[in-house]
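The file run.txt contains compact mmCIF, C-alpha atoms and all ligand atoms:
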```txt
# COMPACT_ATOMS: atom_id res chain seq x y z
CA ASP A 8 127.69 -40.44 30.99
CA ALA A 9 128.28 -37.06 32.67
CA THR A 10 129.58 -35.40 29.49
CA ASP A 11 126.47 -36.27 27.48
CA LYS A 12 123.60 -33.78 27.79
CA GLY A 13 121.15 -36.42 26.58
CA GLU A 14 117.74 -34.93 25.88
CA TYR A 15 118.60 -31.66 27.65
CA ARG A 16 119.74 -28.37 26.18
CA HIS A 17 122.06 -27.60 29.09
CA TYR A 18 124.02 -29.55 31.67
CA MET A 19 122.32 -27.56 34.40
CA MET A 20 118.88 -28.88 33.43
CA LYS A 21 120.19 -32.42 33.10
CA GLU A 22 121.72 -32.15 36.56
CA ILE A 23 118.51 -30.70 38.04
CA TYR A 24 116.61 -33.71 36.71
CA GLU A 25 119.20 -36.15 38.04
CA GLN A 26 118.42 -35.18 41.62
CA PRO A 27 115.94 -37.96 42.53
CA LYS A 28 118.50 -40.51 41.37
CA VAL A 29 121.57 -39.00 43.02
CA ILE A 30 119.81 -38.30 46.30
CA ALA A 31 118.86 -41.97 46.35
CA ALA A 32 122.53 -42.78 45.68
CA CYS A 33 123.54 -40.52 48.57
CA LEU A 34 121.17 -42.37 50.93
CA GLU A 35 122.18 -45.80 49.68
CA GLY A 36 124.00 -47.82 52.35
CA ARG A 37 123.76 -44.96 54.86
CA ILE A 38 120.37 -45.72 56.42
CA SER A 39 118.61 -48.87 57.55
CA GLU A 40 114.85 -49.16 58.02
CA THR A 41 115.07 -47.29 61.31
CA LYS A 42 118.53 -45.79 61.75
CA VAL A 43 121.38 -43.88 60.21
CA LEU A 44 124.26 -46.33 59.78
CA THR A 45 127.20 -44.70 61.54
CA SER A 46 129.56 -47.01 59.65
CA CYS A 47 129.20 -44.55 56.74
CA PHE A 48 131.76 -42.36 58.54
CA GLY A 49 134.34 -45.16 58.52
CA VAL A 50 135.20 -48.12 60.71
CA ASP A 51 135.56 -46.07 63.87
CA SER A 52 132.55 -43.82 64.40
CA SER A 53 133.20 -43.33 68.14
CA PHE A 54 134.04 -39.64 67.50
CA LEU A 55 130.31 -38.96 67.11
CA LYS A 56 129.71 -39.49 70.84
CA ASP A 57 132.48 -37.05 71.76
CA ILE A 58 131.33 -34.08 69.68
CA GLU A 59 130.36 -31.07 71.77
CA ASN A 60 130.53 -28.35 69.10
CA VAL A 61 130.56 -28.15 65.33
CA HIS A 62 132.39 -25.64 63.11
CA ILE A 63 131.32 -25.73 59.46
CA VAL A 64 133.49 -24.05 56.83
CA ALA A 65 132.77 -23.81 53.08
CA CYS A 66 132.36 -21.42 50.11
CA GLY A 67 129.52 -20.43 47.77
CA THR A 68 126.67 -22.86 47.44
CA SER A 69 128.38 -25.29 49.82
CA TYR A 70 128.34 -22.55 52.46
CA HIS A 71 124.56 -22.28 52.08
CA ALA A 72 124.23 -26.03 52.66
CA GLY A 73 126.25 -25.55 55.85
CA MET A 74 123.88 -22.80 56.99
CA VAL A 75 120.94 -25.21 56.75
CA ALA A 76 122.87 -27.83 58.74
CA LYS A 77 123.31 -25.41 61.62
CA TYR A 78 119.53 -25.50 62.16
CA TRP A 79 119.52 -29.31 62.04
CA ILE A 80 122.50 -29.82 64.35
CA GLU A 81 121.26 -27.37 66.97
CA ASP A 82 117.68 -28.62 66.71
CA LEU A 83 118.28 -32.40 66.60
CA ALA A 84 121.51 -32.77 68.57
CA GLY A 85 121.28 -29.67 70.75
CA LEU A 86 124.92 -28.83 70.02
CA PRO A 87 126.24 -25.35 69.21
CA CYS A 88 127.17 -25.04 65.56
CA SER A 89 128.82 -22.17 63.72
CA VAL A 90 129.09 -21.74 59.95
CA GLU A 91 131.62 -19.54 58.19
CA VAL A 92 132.92 -18.89 54.69
CA ALA A 93 136.42 -20.30 54.32
CA SER A 94 137.90 -17.03 53.00
CA GLU A 95 137.05 -15.37 56.33
CA TYR A 96 137.81 -18.30 58.60
CA ARG A 97 141.32 -18.76 57.28
CA TYR A 98 142.43 -15.22 58.09
CA ARG A 99 141.25 -14.77 61.65
CA LYS A 100 142.03 -16.13 65.05
CA VAL A 101 139.42 -18.80 65.74
CA ALA A 102 138.49 -19.91 69.25
CA VAL A 103 137.99 -23.66 69.26
CA PRO A 104 136.07 -25.12 72.20
CA LYS A 105 136.97 -28.59 73.43
CA ASN A 106 135.69 -31.51 71.33
CA THR A 107 134.73 -29.49 68.28
CA LEU A 108 134.17 -31.22 64.95
CA PHE A 109 135.66 -29.38 61.96
CA LEU A 110 133.30 -29.99 59.04
CA THR A 111 134.07 -28.85 55.50
CA LEU A 112 131.66 -28.93 52.56
CA SER A 113 132.82 -28.85 48.98
CA GLN A 114 131.55 -30.14 45.66
CA SER A 115 134.99 -30.21 44.06
CA GLY A 116 137.21 -30.70 47.07
CA GLU A 117 139.68 -28.33 45.39
CA THR A 118 138.50 -24.88 46.51
CA ALA A 119 141.65 -23.03 47.60
CA ASP A 120 140.11 -21.23 50.59
CA THR A 121 138.44 -24.37 51.94
CA LEU A 122 141.70 -26.33 51.67
CA ALA A 123 143.60 -23.53 53.41
CA ALA A 124 140.99 -23.50 56.19
CA LEU A 125 141.38 -27.26 56.69
CA ARG A 126 145.17 -26.96 56.86
CA MET A 127 144.86 -24.20 59.43
CA ALA A 128 142.26 -26.13 61.44
CA LYS A 129 144.67 -29.04 61.78
CA GLU A 130 146.82 -26.85 64.01
CA LEU A 131 143.93 -25.76 66.23
CA GLY A 132 143.17 -28.85 68.26
CA TYR A 133 139.86 -29.94 66.75
CA LEU A 134 138.38 -33.31 67.70
CA THR A 135 138.63 -34.43 64.08
CA SER A 136 137.94 -33.24 60.52
CA LEU A 137 135.10 -34.46 58.34
CA ALA A 138 134.73 -33.54 54.65
CA ILE A 139 131.39 -33.83 52.88
CA CYS A 140 132.54 -33.84 49.29
CA ASN A 141 131.53 -34.99 45.82
CA VAL A 142 134.92 -35.92 44.39
CA PRO A 143 136.50 -39.03 45.97
CA SER A 144 139.98 -38.34 44.57
CA SER A 145 140.06 -34.68 45.65
CA THR A 146 142.65 -32.96 47.82
CA LEU A 147 140.05 -32.21 50.50
CA VAL A 148 139.14 -35.88 50.81
CA ARG A 149 142.80 -36.89 50.92
CA GLU A 150 143.66 -34.38 53.62
CA SER A 151 140.62 -34.82 55.87
CA ALA A 152 140.53 -37.43 58.61
CA LEU A 153 137.00 -38.54 57.67
CA THR A 154 134.86 -38.30 54.55
CA LEU A 155 131.23 -38.67 53.64
CA LEU A 156 130.88 -38.65 49.85
CA THR A 157 127.79 -37.06 48.34
CA ASN A 158 127.72 -39.45 45.36
CA ALA A 159 126.12 -36.89 43.02
CA GLY A 160 128.26 -37.87 40.03
CA ALA A 161 130.18 -35.30 37.96
CA GLU A 162 128.57 -31.86 38.02
CA ILE A 163 129.43 -29.81 34.93
CA GLY A 164 127.14 -26.76 35.04
CA VAL A 165 128.94 -23.98 36.91
CA ALA A 166 125.80 -23.24 38.93
CA SER A 167 125.66 -26.01 41.50
CA THR A 168 122.38 -27.95 41.72
CA LYS A 169 122.59 -31.68 42.45
CA ALA A 170 125.78 -31.16 44.46
CA PHE A 171 123.84 -28.87 46.80
CA THR A 172 120.84 -31.14 47.42
CA THR A 173 123.11 -34.16 47.97
CA GLN A 174 125.19 -32.09 50.41
CA LEU A 175 121.98 -31.34 52.30
CA THR A 176 121.11 -35.03 52.27
CA ALA A 177 124.57 -35.95 53.61
CA LEU A 178 124.30 -33.21 56.23
CA LEU A 179 120.95 -34.54 57.40
CA ILE A 180 122.49 -38.01 57.71
CA THR A 181 125.34 -36.47 59.73
CA SER A 182 123.04 -34.40 61.95
CA ILE A 183 120.88 -37.44 62.76
CA ALA A 184 123.96 -39.59 63.42
CA ILE A 185 125.39 -37.03 65.86
CA ALA A 186 122.03 -36.53 67.59
CA SER A 187 121.49 -40.25 67.89
CA GLU A 188 124.97 -41.05 69.22
CA LYS A 189 124.74 -38.16 71.70
CA GLY A 190 121.48 -39.62 73.03
CA ALA A 191 119.53 -36.54 71.97
CA LEU A 192 117.20 -38.45 69.65
CA SER A 193 114.75 -41.18 70.64
CA ALA A 194 114.73 -44.39 68.58
CA GLU A 195 111.16 -43.59 67.46
CA LYS A 196 112.08 -40.08 66.31
CA GLU A 197 115.14 -41.39 64.46
CA ALA A 198 113.00 -44.03 62.72
CA GLU A 199 110.52 -41.32 61.75
CA LEU A 200 113.26 -39.11 60.29
CA VAL A 201 114.80 -42.01 58.40
CA THR A 202 111.42 -42.95 56.93
CA SER A 203 110.98 -39.34 55.79
CA MET A 204 114.41 -39.34 54.19
CA ARG A 205 113.55 -42.45 52.25
CA SER A 206 110.67 -40.56 50.62
CA LEU A 207 112.94 -37.73 49.50
CA PRO A 208 113.64 -38.90 45.90
CA ALA A 209 109.89 -39.30 45.25
CA HIS A 210 109.18 -35.82 46.62
CA ILE A 211 111.92 -34.30 44.45
CA ASP A 212 110.35 -36.02 41.47
CA GLU A 213 107.03 -34.48 42.38
CA ALA A 214 108.60 -31.01 42.78
CA LEU A 215 110.08 -31.31 39.27
CA LYS A 216 106.54 -31.66 37.88
CA GLN A 217 106.12 -27.88 38.33
CA ASP A 218 108.72 -27.29 35.63
CA ALA A 219 106.28 -26.13 32.94
CA ALA A 220 104.42 -23.85 35.36
CA ILE A 221 107.69 -22.29 36.57
CA LYS A 222 108.83 -21.80 32.97
CA LYS A 223 105.71 -19.72 32.38
CA VAL A 224 106.33 -17.64 35.49
CA SER A 225 109.94 -17.01 34.44
CA ASP A 226 108.83 -14.91 31.44
CA ARG A 227 107.80 -12.25 33.92
CA PHE A 228 111.45 -11.83 34.98
CA ALA A 229 112.74 -10.99 31.50
CA ASN A 230 112.86 -7.24 32.15
CA LYS A 231 113.60 -7.27 35.85
CA HIS A 232 116.85 -5.87 37.24
CA ASN A 233 116.40 -6.84 40.87
CA ALA A 234 114.78 -9.55 42.95
CA LEU A 235 114.34 -10.16 46.64
CA PHE A 236 114.17 -13.63 48.19
CA LEU A 237 112.63 -14.21 51.60
CA GLY A 238 112.66 -17.19 53.95
CA ARG A 239 112.67 -17.88 57.65
CA GLY A 240 114.47 -20.51 59.72
CA PRO A 241 116.22 -23.16 57.59
CA MET A 242 114.43 -21.72 54.55
CA PHE A 243 116.50 -18.54 54.87
CA PRO A 244 119.66 -20.25 53.55
CA ILE A 245 117.52 -21.69 50.75
CA ALA A 246 116.44 -18.14 49.91
CA LEU A 247 120.15 -17.20 49.82
CA GLU A 248 120.85 -20.11 47.51
CA GLY A 249 117.90 -19.15 45.26
CA SER A 250 119.20 -15.60 44.98
CA LEU A 251 122.74 -16.84 44.28
CA LYS A 252 121.45 -19.09 41.45
CA LEU A 253 119.50 -16.22 39.90
CA LYS A 254 122.43 -13.79 39.97
CA GLU A 255 124.97 -16.38 38.80
CA ILE A 256 123.19 -17.36 35.61
CA SER A 257 120.70 -14.61 34.74
CA TYR A 258 122.77 -11.64 35.99
CA ILE A 259 119.74 -10.20 37.77
CA HIS A 260 120.76 -8.53 41.02
CA ALA A 261 119.20 -10.60 43.77
CA GLU A 262 119.34 -10.50 47.53
CA ALA A 263 117.96 -12.73 50.24
CA TYR A 264 116.69 -11.72 53.64
CA PRO A 265 115.20 -13.52 56.61
CA ALA A 266 111.59 -12.33 56.26
CA GLY A 267 111.58 -10.91 59.79
CA GLU A 268 114.27 -8.40 58.74
CA LEU A 269 112.10 -6.84 56.01
CA LYS A 270 111.25 -3.83 58.14
CA HIS A 271 114.91 -3.17 58.85
CA GLY A 272 115.73 -2.06 55.34
CA PRO A 273 114.63 -4.08 52.32
CA LEU A 274 111.03 -2.90 52.58
CA ALA A 275 112.30 0.46 51.30
CA LEU A 276 113.13 -1.23 47.99
CA VAL A 277 109.70 -2.74 47.45
CA ASP A 278 107.65 -1.33 44.59
CA GLU A 279 105.79 -2.77 41.60
CA ASP A 280 109.09 -3.49 39.79
CA MET A 281 110.46 -5.66 42.56
CA PRO A 282 109.64 -9.37 42.42
CA ILE A 283 109.66 -10.88 45.91
CA ILE A 284 110.22 -14.62 45.95
CA THR A 285 109.03 -16.17 49.18
CA LEU A 286 109.61 -19.66 50.52
CA VAL A 287 106.81 -20.59 52.83
CA PRO A 288 107.47 -23.23 55.48
CA HIS A 289 104.62 -25.24 56.86
CA ASN A 290 105.32 -24.87 60.56
CA ASN A 291 104.72 -22.50 63.43
CA MET A 292 106.30 -19.69 61.37
CA LEU A 293 103.58 -19.86 58.71
CA ASP A 294 101.41 -17.14 60.19
CA LYS A 295 104.38 -14.86 60.79
CA LEU A 296 105.42 -15.31 57.19
CA LYS A 297 101.92 -14.57 55.96
CA SER A 298 102.02 -11.26 57.79
CA ASN A 299 105.40 -10.51 56.16
CA LEU A 300 103.69 -11.13 52.81
CA GLN A 301 101.01 -8.61 53.67
CA GLU A 302 103.68 -6.01 54.42
CA VAL A 303 105.01 -6.53 50.91
CA ALA A 304 101.59 -6.64 49.21
CA ALA A 305 100.61 -3.36 50.89
CA ARG A 306 103.53 -1.70 49.09
CA GLY A 307 102.61 -3.00 45.64
CA GLY A 308 105.40 -5.61 45.46
CA GLU A 309 104.89 -8.55 43.12
CA LEU A 310 104.85 -11.72 45.22
CA TYR A 311 106.03 -15.10 43.99
CA VAL A 312 105.03 -17.60 46.62
CA PHE A 313 106.37 -21.15 46.85
CA ALA A 314 104.32 -23.19 49.30
CA ASP A 315 102.40 -26.42 49.75
CA LYS A 316 98.70 -26.25 49.04
CA ASP A 317 97.67 -26.77 52.66
CA THR A 318 99.18 -23.40 53.57
CA ASP A 319 95.99 -21.94 52.14
CA LEU A 320 97.96 -19.63 49.87
CA HIS A 321 96.93 -19.40 46.23
CA ASN A 322 96.99 -17.25 43.11
CA GLU A 323 95.35 -13.91 43.64
CA ASP A 324 95.88 -10.30 42.71
CA GLY A 325 99.60 -9.59 43.04
CA VAL A 326 100.38 -13.16 44.19
CA ILE A 327 101.80 -15.77 41.83
CA PHE A 328 101.57 -19.11 43.60
CA THR A 329 103.65 -22.19 42.82
CA GLU A 330 102.86 -25.42 44.60
CA VAL A 331 105.65 -27.30 46.35
CA PRO A 332 104.96 -30.86 47.60
CA LYS A 333 103.90 -31.13 51.22
CA VAL A 334 106.70 -32.91 53.12
CA ASP A 335 107.91 -33.38 56.67
CA GLU A 336 109.29 -30.15 58.02
CA ILE A 337 112.85 -31.47 58.14
CA LEU A 338 112.83 -32.06 54.36
CA GLU A 339 111.34 -28.70 53.39
CA PRO A 340 114.65 -26.92 52.70
CA ILE A 341 115.71 -29.67 50.29
CA VAL A 342 112.41 -29.88 48.42
CA HIS A 343 112.01 -26.08 48.19
CA THR A 344 115.39 -25.83 46.46
CA ILE A 345 114.02 -27.48 43.31
CA PRO A 346 111.57 -24.77 42.15
CA LEU A 347 114.24 -22.10 42.71
CA GLN A 348 116.73 -24.00 40.54
CA LEU A 349 114.08 -24.27 37.81
CA LEU A 350 113.20 -20.60 38.13
CA SER A 351 116.78 -19.38 37.73
CA TYR A 352 117.34 -21.81 34.84
CA HIS A 353 114.28 -20.64 32.89
CA VAL A 354 114.95 -16.96 33.60
CA ALA A 355 118.50 -17.39 32.26
CA VAL A 356 117.15 -19.09 29.13
CA VAL A 357 114.65 -16.24 28.60
CA LYS A 358 117.50 -13.75 28.99
CA GLY A 359 119.70 -15.71 26.60
CA THR A 360 122.71 -15.97 28.90
CA ASP A 361 125.24 -18.80 28.86
CA VAL A 362 123.56 -21.06 31.40
CA ASP A 363 126.34 -23.60 31.90
CA GLN A 364 129.26 -21.16 31.69
CA PRO A 365 128.20 -17.84 33.24
CA ARG A 366 130.54 -14.95 32.61
CA ASN A 367 133.42 -14.41 35.06
CA LEU A 368 132.67 -17.54 37.11
CA ALA A 369 134.54 -20.83 37.44
CA LYS A 370 133.28 -24.24 38.48
CA SER A 371 136.03 -24.58 40.99
CA VAL A 372 138.06 -21.70 42.44
CA THR A 373 141.44 -23.33 42.91
CA VAL A 374 143.42 -20.12 43.37
CA GLU A 375 142.77 -17.43 45.90
C1 LIG A 401 132.51 -21.77 42.85
C2 LIG A 401 131.37 -22.45 42.11
C3 LIG A 401 130.17 -22.63 43.06
C4 LIG A 401 130.61 -23.39 44.30
C5 LIG A 401 131.81 -22.73 44.98
C6 LIG A 401 132.39 -23.64 46.05
O1 LIG A 401 132.14 -20.47 43.17
O2 LIG A 401 130.97 -21.68 40.99
O3 LIG A 401 129.15 -23.35 42.40
O4 LIG A 401 129.55 -23.47 45.21
O5 LIG A 401 132.86 -22.50 44.04
O6 LIG A 401 132.89 -24.78 45.43
P1 LIG A 401 133.08 -26.17 46.12
O7 LIG A 401 133.60 -27.08 45.02
O8 LIG A 401 134.07 -25.98 47.22
O9 LIG A 401 131.75 -26.60 46.63
```

Could you take the file, read its structure, and then write that structure out as structure tokens?
Ligand code: G6P
Amino acid sequence: DATDKGEYRHYMMKEIYEQPKVIAACLEGRISETKVLTSCFGVDSSFLKDIENVHIVACGTSYHAGMVAKYWIEDLAGLPCSVEVASEYRYRKVAVPKNTLFLTLSQSGETADTLAALRMAKELGYLTSLAICNVPSSTLVRESALTLLTNAGAEIGVASTKAFTTQLTALLITSIAIASEKGALSAEKEAELVTSMRSLPAHIDEALKQDAAIKKVSDRFANKHNALFLGRGPMFPIALEGSLKLKEISYIHAEAYPAGELKHGPLALVDEDMPIITLVPHNNMLDKLKSNLQEVAARGGELYVFADKDTDLHNEDGVIFTEVPKVDEILEPIVHTIPLQLLSYHVAVVKGTDVDQPRNLAKSVTVE
């Protein structure tokens, strides 16, 4: 029952812990042993073959999910993909290349700007419109040509958690389906990706095991007024999402930067009062990120590093290390989201804010 907090003090925590289950529900019926089942987009999935471009439009946390998908769509399918917040998209003249998919993301399916963007897009000659949404009866689902439901169940905490990770799961399904139908993905590679996806609920479970350790770390944020989140590649949008969570519920001013941009401004802010939260990918960017960390350490910044243990990073002077399970690169953005959700939750509890109902914010912004 969504309205019952069960053993948890807040809905947010309950929803964080529901993630292994709801991600499994999101995968259910959408993948076989070796393939994404394109029937999940409806009886006629022939549009997938025709897609030549993707425009993603969303707000808030859903927008961050879209930013991750851009990396997946360009990497796996080799198609250009742009991502924009709906409040901007709806008020400008948009150039729509031939055979462009219009893809909206929304937990509620009732966000006014996202709905307005969809209505505008219908006049612009898109190939078709696909909504990735959590509420089957929503306006967005009703008005979109195609729907992929995230199946996360009702989300009550204003700060979005399970809706985000199921959106990412649905976006990965979509990216693989497009890549596969466009002939950009070999059958072996698709089977490999699908096998990885199947392991996702277990990896999320493992990531949740750091809860107690993260709770301890969160005490150090009690008197902080600012925080900086760093990531690179598809971990940059996860850094943005981590900073959004922290500001939404703990009211600590937080920003996120792609780590390579440090030198172009944020480094000027770094001193011993500035916690720097870094998401470390385990790929060819690892060494570059390590050198970004040194830039911060040299200026006395307090580093909070989230990485798998094979990255050879660990607790040391000025570095607070939290282990994240080692997973296939494609899953890293999803798994790295978990510790950031836990961090913002525990910091908010330490600060005594209203975790489920942060001041001035609404679960769904249905008016402009
Ligand atoms: C509000 C909520 C956010 C959410 C955003 C977009 O700002 O507080 O959690 O990400 O709206 O909502 P949607 O339902 O369209 O995903």

What does the structure give for the distance between CA of Ile30 in chain A and atom O5 of ligand LIG 401 (chain A), in Å to one decimal? 20.6 Å

Check every protein, DNA and RNA residue against ligand LIG 401 (chain A), keep those with an atom at most 7 Å away (counting only C-alpha atoms and all ligand atoms), and present them as a compact mmCIF listing (two decimals) with C-alpha atoms, in the frame of the given file.
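Ended up saving to selection_37.txt:
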```
# COMPACT_ATOMS: atom_id res chain seq x y z
CA ALA A 65 132.77 -23.81 53.08
CA CYS A 66 132.36 -21.42 50.11
CA GLY A 67 129.52 -20.43 47.77
CA THR A 68 126.67 -22.86 47.44
CA SER A 69 128.38 -25.29 49.82
CA LEU A 112 131.66 -28.93 52.56
CA SER A 113 132.82 -28.85 48.98
CA GLN A 114 131.55 -30.14 45.66
CA SER A 115 134.99 -30.21 44.06
CA GLY A 116 137.21 -30.70 47.07
CA GLU A 117 139.68 -28.33 45.39
CA THR A 118 138.50 -24.88 46.51
CA THR A 121 138.44 -24.37 51.94
CA VAL A 165 128.94 -23.98 36.91
CA ALA A 166 125.80 -23.24 38.93
CA SER A 167 125.66 -26.01 41.50
CA LEU A 368 132.67 -17.54 37.11
CA ALA A 369 134.54 -20.83 37.44
CA LYS A 370 133.28 -24.24 38.48
CA SER A 371 136.03 -24.58 40.99
CA VAL A 372 138.06 -21.70 42.44
```

Quick one, how far is CA of Ile139 in chain A from CA of Pro244 in chain A?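 One can read the CA of Ile139 in chain A to CA of Pro244 in chain A distance as 18.0 Å.
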
Name the residues in contact with Asn322 in chain A at a cut-off of 12 Å, using all atoms listed in the file, excluding same-chain residues fewer than 3 positions from it; report them as a ChimeraX atom specification. /A:309-314,316,319,325-330

Point-to-point distance from CA of Met74 in chain A to CA of Lys252 in chain A, Å rounded to tenths: 16.2 Å

For Pro27 in chain A, which of A:Val277, A:Ile211, A:Ile256, A:Leu286 is the closest residue, counting all atoms listed in the file?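 Nearest to Pro27 in chain A: A:Ile211.
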
Choose the residue, out of A:Leu125, A:Leu237, A:Ala246, A:Ile163, that has the smallest atom-to-atom separation from Val75 in chain A; count all atoms listed in the file. A:Ala246

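With only C-alpha atoms as the atoms that count, the residue of A:Leu269, A:Leu178, A:Ala191, A:Val357 with the shortest distance to Tyr78 in chain A is A:Leu178.
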
Closest of A:Leu350, A:Ala123, A:Val101, A:Ala159 to Leu147 in chain A - atom-to-atom distances counting all atoms listed in the file: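 Using all atoms listed in the file, the shortest distance to Leu147 in chain A belongs to A:Ala123.
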
Any chance you could tabulate, as CSV, the residues of range 137-242 of chain A at most 7 Å from range 79-86 of chain A with each one's nearest atom pair and distance in Å to one decimal, using all atoms listed in the file, in chain and rising number order?
```
residue,atom,partner,partner_atom,distance
A:Ser182,CA,A:Ile80,CA,5.2
A:Ile183,CA,A:Leu83,CA,6.8
A:Ile185,CA,A:Ala84,CA,6.4
A:Ala186,CA,A:Ala84,CA,3.9
A:Ala191,CA,A:Ala84,CA,5.4
A:Leu192,CA,A:Leu83,CA,6.9
```

Neighbouring residues of Gly36 in chain A were defined as those with any atom within 10 Å, considering only C-alpha atoms; residues of the same chain fewer than 4 positions away were excluded. Please report them as a list in words.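 Neighbouring residues, sequence-local ones excluded: Ala31, Ala32, Val43, Leu44, Ser46 and Cys47 of chain A.
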
When you count all atoms listed in the file, which of these residues is closest to Ile337 in chain A: A:Leu300, A:Ala261, A:Met204, A:Ala220?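 The closest residue to Ile337 in chain A is A:Met204.
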
Best match for closeness to Arg149 in chain A among A:Lys28, A:Lys169, A:Arg126, A:His210, counting all atoms listed in the file: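 Using all atoms listed in the file, Arg149 in chain A sits closest to A:Arg126.
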
Which residues are close to range 127-134 of chain A, i.e. within 12 Å by only C-alpha atoms, leaving aside same-chain residues fewer than 3 positions away? Reply as a PyMOL selection string. chain A and resi 53-64+93-94+96-111+120-124+137+150-153

With only C-alpha atoms as the counted atoms, please give the residues lying no more than 10 Å from Lys21 in chain A, apart from itself and same-chain residues fewer than 6 positions off, as number ranges by chain. A: 9, 11-15, 162-164, 168-169

Who sits within 12 Å of Ser39 in chain A, all atoms listed in the file, same chain under 2 positions skipped, as a short mmCIF file (atom, residue, chain, number, x, y, z; two decimals) with C-alpha atoms, in the coordinates of the input:
```cif
data_model
loop_
_atom_site.label_atom_id
_atom_site.label_comp_id
_atom_site.auth_asym_id
_atom_site.auth_seq_id
_atom_site.Cartn_x
_atom_site.Cartn_y
_atom_site.Cartn_z
CA LEU A 34 121.17 -42.37 50.93
CA GLU A 35 122.18 -45.80 49.68
CA GLY A 36 124.00 -47.82 52.35
CA ARG A 37 123.76 -44.96 54.86
CA THR A 41 115.07 -47.29 61.31
CA LYS A 42 118.53 -45.79 61.75
CA VAL A 43 121.38 -43.88 60.21
CA LEU A 44 124.26 -46.33 59.78
CA THR A 45 127.20 -44.70 61.54
CA SER A 46 129.56 -47.01 59.65
CA CYS A 47 129.20 -44.55 56.74
CA ILE A 180 122.49 -38.01 57.71
CA GLU A 197 115.14 -41.39 64.46
CA ALA A 198 113.00 -44.03 62.72
CA GLU A 199 110.52 -41.32 61.75
CA LEU A 200 113.26 -39.11 60.29
CA VAL A 201 114.80 -42.01 58.40
CA THR A 202 111.42 -42.95 56.93
CA MET A 204 114.41 -39.34 54.19
CA ARG A 205 113.55 -42.45 52.25
#
```

Atoms added to range 195-208 of chain A (N, CA and C atoms), reported as a PDB file, keeping the file's coordinate frame:
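New file result-v7.pdb:
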```
ATOM      1  N   GLU A 195     112.378 -43.802  68.260  1.00  0.00           N
ATOM      2  CA  GLU A 195     111.160 -43.590  67.460  1.00  0.00           C
ATOM      3  C   GLU A 195     111.343 -42.390  66.533  1.00  0.00           C
ATOM      4  N   LYS A 196     111.888 -41.304  67.107  1.00  0.00           N
ATOM      5  CA  LYS A 196     112.080 -40.080  66.310  1.00  0.00           C
ATOM      6  C   LYS A 196     113.085 -40.348  65.171  1.00  0.00           C
ATOM      7  N   GLU A 197     114.145 -41.080  65.494  1.00  0.00           N
ATOM      8  CA  GLU A 197     115.140 -41.390  64.460  1.00  0.00           C
ATOM      9  C   GLU A 197     114.489 -42.212  63.332  1.00  0.00           C
ATOM     10  N   ALA A 198     113.677 -43.198  63.723  1.00  0.00           N
ATOM     11  CA  ALA A 198     113.000 -44.030  62.720  1.00  0.00           C
ATOM     12  C   ALA A 198     112.082 -43.182  61.848  1.00  0.00           C
ATOM     13  N   GLU A 199     111.418 -42.222  62.484  1.00  0.00           N
ATOM     14  CA  GLU A 199     110.520 -41.320  61.750  1.00  0.00           C
ATOM     15  C   GLU A 199     111.299 -40.493  60.716  1.00  0.00           C
ATOM     16  N   LEU A 200     112.442 -39.943  61.175  1.00  0.00           N
ATOM     17  CA  LEU A 200     113.260 -39.110  60.290  1.00  0.00           C
ATOM     18  C   LEU A 200     113.804 -39.925  59.121  1.00  0.00           C
ATOM     19  N   VAL A 201     114.231 -41.156  59.437  1.00  0.00           N
ATOM     20  CA  VAL A 201     114.800 -42.010  58.400  1.00  0.00           C
ATOM     21  C   VAL A 201     113.726 -42.392  57.370  1.00  0.00           C
ATOM     22  N   THR A 202     112.525 -42.640  57.849  1.00  0.00           N
ATOM     23  CA  THR A 202     111.420 -42.950  56.930  1.00  0.00           C
ATOM     24  C   THR A 202     111.145 -41.745  56.020  1.00  0.00           C
ATOM     25  N   SER A 203     111.163 -40.548  56.598  1.00  0.00           N
ATOM     26  CA  SER A 203     110.980 -39.340  55.790  1.00  0.00           C
ATOM     27  C   SER A 203     112.061 -39.227  54.721  1.00  0.00           C
ATOM     28  N   MET A 204     113.298 -39.476  55.143  1.00  0.00           N
ATOM     29  CA  MET A 204     114.410 -39.340  54.190  1.00  0.00           C
ATOM     30  C   MET A 204     114.250 -40.285  53.011  1.00  0.00           C
ATOM     31  N   ARG A 205     113.734 -41.469  53.313  1.00  0.00           N
ATOM     32  CA  ARG A 205     113.550 -42.450  52.250  1.00  0.00           C
ATOM     33  C   ARG A 205     112.585 -41.942  51.176  1.00  0.00           C
ATOM     34  N   SER A 206     111.666 -41.058  51.577  1.00  0.00           N
ATOM     35  CA  SER A 206     110.670 -40.560  50.620  1.00  0.00           C
ATOM     36  C   SER A 206     111.196 -39.374  49.803  1.00  0.00           C
ATOM     37  N   LEU A 207     112.413 -38.941  50.119  1.00  0.00           N
ATOM     38  CA  LEU A 207     112.940 -37.730  49.500  1.00  0.00           C
ATOM     39  C   LEU A 207     113.014 -37.798  47.958  1.00  0.00           C
ATOM     40  N   PRO A 208     113.580 -38.871  47.363  1.00  0.00           N
ATOM     41  CA  PRO A 208     113.640 -38.900  45.900  1.00  0.00           C
ATOM     42  C   PRO A 208     112.261 -38.757  45.250  1.00  0.00           C
TER      43      PRO A 208
END
```
